Amino acid sequence: MEHATTLDHTEDVYEPSLTPDSLGKLGMWIFLVGDTMSFGALLAAYAALRAGAGIVGWVPPSEILGINLTAGMTFLLICSSVTMVKALESIQGGNVSRMCLFLGLTIAGGIIFLGLQAYEWYHLITHGLTLTGIPDHGLSGAAISGSTLFGPTFYAITGFHGMHVTGGVIYLIVILIHGLRGRYTAEFNHEVEIVGLYWHFVDLIWIMVFTFIYLL
Amino acid sequence: MAQDGHKEHPKYMNIFWWLLALTIIEVAVAIPEYAVVLKAILLIGLACGKAALVAIYFMHLKFERKTLAAIVLTPFIICVFLVIMLMPDLTFDARLDGIEKPAEVVDTSSH
């Protein structure tokens with residue numbers, strides 16, 4: 001009994017008890033940990049297929065994809081992450097209208113990102129990158145035979161990420177509506193922080209996708 | 001979580017400039033043609049650096065308790081293990097073995 005009391009005491013000193021705020025945050029973090037595994041599995045599968053095809057069996061993605069457009073999309077997501085932290089900073093200082101402005105900018109960043117991705121997909125599909133084939137101009141025969149797997153893996157991974165951005169935009173709009181109705185104050189704002197965690201995670205994943213799919 | 005950390009905000013614009021610079025370096029590293037392995041190491045290193053900046057500063061991991069950082073690092077370690085376990089299947093030789101054997105069978109039956 002005495003032992004148990006000592007343990008409880010140590011816990012009180014080193015680990016502050018969970019509050020509703022920190023529970024929500026812990027929940028989001030655990031979801032993000034699971035999501036990391038999903039993306040990790042997809043990227044590992046991509047790496048396995050590509051390495052299995054060998055150097056001659058896989059067209060360098062930069063020959064099919066436009067690096068400039070997606071570098072711009074990366075920049076856009078980084079900017080929207082900055083507006084997201086600015087929104088949280090604003091509400092922690094009690095400035096509701098400034099928070100709503102920055103949340104709106106974050107949502108705009110997300111929507112423009114989705115628009116650019118739709119444009120990119122449309123461009124790629126019309127140029128022959130589909131679930132079963134790749135553009136054939138200027139490519140050697142060996143490359144074509146191995147690279148038909150590029151299309152499905154590319155659309156699966158960027159599509160999965162795009163769905164996350166879509167979900168994030170909807171989530172942000174819900175938080176913005178709450179904010180406009182005056183739900184958040186300098187004291188009560190953990191929900192803004194939690195949506196921020198999700199949004200930064202989507203940004204973080206895009207950094208990885210951009211490197212592994214587009215640049216490598 | 002983050003009971004006392006919230007007062008001291010990092011300078012978010014500094015992080016933004018770092019991320020922007022790393023993105024430009026990444027694209028500059030990716031475009032020229034040179035050794036694939038060196039390129040892969042450079043690009044993955046830069047990407048991990050950017051991801052770490054986002055997680056540590058934007059997601060406030062720096063100001064959370066250490067237990068959370070341990071939870072967050074776990075899936076990344078598992079992903080590294082996943083890649084290591086896939087390694088035996090990743091080699092080019094394994095694929096060639098698989099292709100050559102059926103070809104020999106076809107040759108003998110036709111003669």
# chains A, B, ... in the order shown; residues from 1 in each chain; ligands from 1

call {"tool": "interface_residues", "arguments": {"of": "chain A", "to": "chain B", "cutoff": "6 Å", "atoms": "only C-alpha atoms", "output": "list of chain:residue names"}}
result
A:Ser22, A:Met37, A:Gly40, A:Ala48, A:Ala51, A:Gly52, A:Gly54, A:Leu197, A:Leu204, A:Leu215

call {"tool": "write_last_selection", "arguments": {"atoms": "N, CA and C atoms", "output": "PDB file, in the first residue's frame"}}
result
ATOM      1  N   SER A  22      -5.477  18.222 -23.141  1.00  0.00           N
ATOM      2  CA  SER A  22      -4.353  17.365 -23.511  1.00  0.00           C
ATOM      3  C   SER A  22      -4.858  16.013 -24.001  1.00  0.00           C
ATOM      4  N   MET A  37       2.016   5.333 -40.226  1.00  0.00           N
ATOM      5  CA  MET A  37       2.263   3.947 -40.646  1.00  0.00           C
ATOM      6  C   MET A  37       1.631   3.675 -42.005  1.00  0.00           C
ATOM      7  N   GLY A  40       3.807   5.323 -44.445  1.00  0.00           N
ATOM      8  CA  GLY A  40       5.080   4.598 -44.447  1.00  0.00           C
ATOM      9  C   GLY A  40       4.968   3.315 -45.259  1.00  0.00           C
ATOM     10  N   ALA A  48       9.939  -0.644 -52.744  1.00  0.00           N
ATOM     11  CA  ALA A  48      10.190  -2.051 -53.058  1.00  0.00           C
ATOM     12  C   ALA A  48       9.960  -2.330 -54.538  1.00  0.00           C
ATOM     13  N   ALA A  51      12.787  -0.549 -56.564  1.00  0.00           N
ATOM     14  CA  ALA A  51      14.082  -1.220 -56.450  1.00  0.00           C
ATOM     15  C   ALA A  51      14.037  -2.566 -57.144  1.00  0.00           C
ATOM     16  N   GLY A  52      12.876  -3.256 -57.067  1.00  0.00           N
ATOM     17  CA  GLY A  52      12.730  -4.550 -57.727  1.00  0.00           C
ATOM     18  C   GLY A  52      12.813  -4.426 -59.241  1.00  0.00           C
ATOM     19  N   GLY A  54      14.711  -2.368 -60.802  1.00  0.00           N
ATOM     20  CA  GLY A  54      16.080  -2.029 -61.201  1.00  0.00           C
ATOM     21  C   GLY A  54      16.157  -0.649 -61.815  1.00  0.00           C
ATOM     22  N   LEU A 197      -2.303  20.571 -35.598  1.00  0.00           N
ATOM     23  CA  LEU A 197      -1.480  19.348 -35.618  1.00  0.00           C
ATOM     24  C   LEU A 197      -1.755  18.547 -36.878  1.00  0.00           C
ATOM     25  N   LEU A 204       3.851  17.818 -43.536  1.00  0.00           N
ATOM     26  CA  LEU A 204       5.022  16.956 -43.305  1.00  0.00           C
ATOM     27  C   LEU A 204       5.021  15.767 -44.269  1.00  0.00           C
ATOM     28  N   LEU A 215      11.320  13.746 -56.592  1.00  0.00           N
ATOM     29  CA  LEU A 215      12.726  14.112 -56.734  1.00  0.00           C
ATOM     30  C   LEU A 215      13.633  12.912 -56.920  1.00  0.00           C
TER      31      LEU A 215
END

call {"tool": "closest_residue", "arguments": {"among": "A:Val195, A:Val59, A:Ala71, A:Ala118", "to": "Met163 of chain A", "atoms": "only C-alpha atoms"}}
result
A:Ala118

call {"tool": "atom_distance", "arguments": {"atom1": "atom CA of Gly66 of chain A", "atom2": "atom CA of His123 of chain A"}}
result
9.9 Å

call {"tool": "residues_around", "arguments": {"residues": "His190 of chain A", "least_positions_apart": "6", "cutoff": "12 Å", "atoms": "only C-alpha atoms", "output": "PDB file with N, CA and C atoms, in the first residue's frame"}}
result
ATOM      1  N   THR A  19      -5.767  16.510 -18.962  1.00  0.00           N
ATOM      2  CA  THR A  19      -6.911  17.418 -18.932  1.00  0.00           C
ATOM      3  C   THR A  19      -7.694  17.213 -20.229  1.00  0.00           C
ATOM      4  N   PRO A  20      -8.931  17.709 -20.331  1.00  0.00           N
ATOM      5  CA  PRO A  20      -9.661  17.587 -21.615  1.00  0.00           C
ATOM      6  C   PRO A  20      -8.843  18.120 -22.787  1.00  0.00           C
ATOM      7  N   ASP A  21      -8.107  19.195 -22.589  1.00  0.00           N
ATOM      8  CA  ASP A  21      -7.279  19.742 -23.669  1.00  0.00           C
ATOM      9  C   ASP A  21      -6.235  18.739 -24.121  1.00  0.00           C
ATOM     10  N   SER A  22      -5.477  18.222 -23.141  1.00  0.00           N
ATOM     11  CA  SER A  22      -4.353  17.365 -23.511  1.00  0.00           C
ATOM     12  C   SER A  22      -4.858  16.013 -24.001  1.00  0.00           C
ATOM     13  N   LEU A  23      -6.050  15.572 -23.535  1.00  0.00           N
ATOM     14  CA  LEU A  23      -6.611  14.302 -24.040  1.00  0.00           C
ATOM     15  C   LEU A  23      -6.894  14.414 -25.531  1.00  0.00           C
ATOM     16  N   GLY A  24      -7.503  15.523 -25.952  1.00  0.00           N
ATOM     17  CA  GLY A  24      -7.794  15.720 -27.370  1.00  0.00           C
ATOM     18  C   GLY A  24      -6.524  15.725 -28.193  1.00  0.00           C
ATOM     19  N   LYS A  25      -5.510  16.368 -27.655  1.00  0.00           N
ATOM     20  CA  LYS A  25      -4.243  16.449 -28.373  1.00  0.00           C
ATOM     21  C   LYS A  25      -3.591  15.075 -28.468  1.00  0.00           C
ATOM     22  N   LEU A  26      -3.648  14.327 -27.347  1.00  0.00           N
ATOM     23  CA  LEU A  26      -3.074  12.979 -27.359  1.00  0.00           C
ATOM     24  C   LEU A  26      -3.804  12.120 -28.381  1.00  0.00           C
ATOM     25  N   MET A  28      -5.327  13.092 -31.141  1.00  0.00           N
ATOM     26  CA  MET A  28      -4.896  13.460 -32.489  1.00  0.00           C
ATOM     27  C   MET A  28      -3.514  12.894 -32.776  1.00  0.00           C
ATOM     28  N   LEU A  88      -3.087  30.123 -34.601  1.00  0.00           N
ATOM     29  CA  LEU A  88      -3.046  29.674 -33.206  1.00  0.00           C
ATOM     30  C   LEU A  88      -2.439  30.755 -32.311  1.00  0.00           C
ATOM     31  N   GLU A  89      -1.366  31.376 -32.807  1.00  0.00           N
ATOM     32  CA  GLU A  89      -0.711  32.439 -32.053  1.00  0.00           C
ATOM     33  C   GLU A  89      -1.699  33.580 -31.787  1.00  0.00           C
ATOM     34  N   ILE A  91      -5.069  33.500 -31.629  1.00  0.00           N
ATOM     35  CA  ILE A  91      -6.130  33.210 -30.663  1.00  0.00           C
ATOM     36  C   ILE A  91      -5.542  33.070 -29.261  1.00  0.00           C
ATOM     37  N   GLN A  92      -4.291  32.612 -29.161  1.00  0.00           N
ATOM     38  CA  GLN A  92      -3.672  32.544 -27.830  1.00  0.00           C
ATOM     39  C   GLN A  92      -3.441  33.945 -27.271  1.00  0.00           C
ATOM     40  N   ILE A 175     -13.748  24.411 -37.988  1.00  0.00           N
ATOM     41  CA  ILE A 175     -13.133  25.198 -36.912  1.00  0.00           C
ATOM     42  C   ILE A 175     -13.318  26.695 -37.181  1.00  0.00           C
ATOM     43  N   ARG A 183     -16.518  30.887 -30.540  1.00  0.00           N
ATOM     44  CA  ARG A 183     -16.311  29.773 -29.613  1.00  0.00           C
ATOM     45  C   ARG A 183     -14.955  29.863 -28.920  1.00  0.00           C
ATOM     46  N   TYR A 184     -13.949  30.429 -29.613  1.00  0.00           N
ATOM     47  CA  TYR A 184     -12.584  30.370 -29.078  1.00  0.00           C
ATOM     48  C   TYR A 184     -12.169  31.685 -28.430  1.00  0.00           C
ATOM     49  N   GLY A 196      -4.480  22.292 -36.054  1.00  0.00           N
ATOM     50  CA  GLY A 196      -3.141  22.653 -36.523  1.00  0.00           C
ATOM     51  C   GLY A 196      -2.232  21.446 -36.608  1.00  0.00           C
ATOM     52  N   LEU A 197      -2.303  20.571 -35.598  1.00  0.00           N
ATOM     53  CA  LEU A 197      -1.480  19.348 -35.618  1.00  0.00           C
ATOM     54  C   LEU A 197      -1.755  18.547 -36.878  1.00  0.00           C
TER      55      LEU A 197
ATOM     56  N   MET B   1      -0.252  18.409 -21.213  1.00  0.00           N
ATOM     57  CA  MET B   1       0.887  18.628 -22.108  1.00  0.00           C
ATOM     58  C   MET B   1       1.125  20.124 -22.321  1.00  0.00           C
ATOM     59  N   ALA B   2       2.350  20.492 -22.442  1.00  0.00           N
ATOM     60  CA  ALA B   2       2.743  21.872 -22.790  1.00  0.00           C
ATOM     61  C   ALA B   2       2.165  22.903 -21.829  1.00  0.00           C
ATOM     62  N   HIS B   6       3.927  27.151 -23.587  1.00  0.00           N
ATOM     63  CA  HIS B   6       3.224  27.985 -24.540  1.00  0.00           C
ATOM     64  C   HIS B   6       3.638  29.445 -24.553  1.00  0.00           C
TER      65      HIS B   6
END

call {"tool": "closest_residue", "arguments": {"among": "A:Phe113, A:Ile207, A:Gly168, A:Phe201", "to": "Ile56 of chain B", "atoms": "only C-alpha atoms"}}
result
A:Phe201

call {"tool": "closest_residue", "arguments": {"among": "B:Ala21, B:Ala28, B:Met85, B:Leu38", "to": "Ile67 of chain A", "atoms": "only C-alpha atoms"}}
result
B:Ala28

call {"tool": "decode", "arguments": {"residues": "segment 49-63 of chain B", "atoms": "N, CA and C atoms", "output": "CSV table (one decimal), in the first residue's frame"}}
result
chain,number,residue,atom,x,y,z
B,49,GLY,N,15.2,16.4,-42.5
B,49,GLY,CA,15.4,17.7,-41.8
B,49,GLY,C,14.2,18.6,-41.8
B,50,LYS,N,13.6,18.7,-43.0
B,50,LYS,CA,12.4,19.5,-43.1
B,50,LYS,C,11.3,19.0,-42.3
B,51,ALA,N,11.1,17.7,-42.3
B,51,ALA,CA,10.0,17.0,-41.5
B,51,ALA,C,10.2,17.3,-40.1
B,52,ALA,N,11.5,17.2,-39.6
B,52,ALA,CA,11.8,17.4,-38.2
B,52,ALA,C,11.5,18.9,-37.8
B,53,LEU,N,11.8,19.8,-38.7
B,53,LEU,CA,11.5,21.2,-38.4
B,53,LEU,C,10.0,21.4,-38.2
B,54,VAL,N,9.2,20.8,-39.1
B,54,VAL,CA,7.8,21.0,-39.0
B,54,VAL,C,7.3,20.4,-37.7
B,55,ALA,N,7.8,19.2,-37.4
B,55,ALA,CA,7.3,18.5,-36.2
B,55,ALA,C,7.7,19.2,-34.9
B,56,ILE,N,9.0,19.6,-34.9
B,56,ILE,CA,9.5,20.2,-33.6
B,56,ILE,C,8.9,21.5,-33.3
B,57,TYR,N,8.9,22.4,-34.4
B,57,TYR,CA,8.4,23.8,-34.1
B,57,TYR,C,7.0,24.0,-34.4
B,58,PHE,N,6.5,23.6,-35.6
B,58,PHE,CA,5.1,23.9,-35.9
B,58,PHE,C,4.1,23.1,-35.1
B,59,MET,N,4.5,21.8,-34.9
B,59,MET,CA,3.7,20.9,-34.1
B,59,MET,C,4.0,20.9,-32.6
B,60,HIS,N,4.9,21.9,-32.2
B,60,HIS,CA,5.3,22.1,-30.8
B,60,HIS,C,5.8,20.9,-30.1
B,61,LEU,N,6.4,20.0,-30.8
B,61,LEU,CA,6.9,18.8,-30.1
B,61,LEU,C,8.0,19.2,-29.1
B,62,LYS,N,8.7,20.3,-29.4
B,62,LYS,CA,9.8,20.7,-28.5
B,62,LYS,C,9.3,21.1,-27.2
B,63,PHE,N,8.0,21.5,-27.1
B,63,PHE,CA,7.5,22.0,-25.9
B,63,PHE,C,6.6,21.0,-25.2
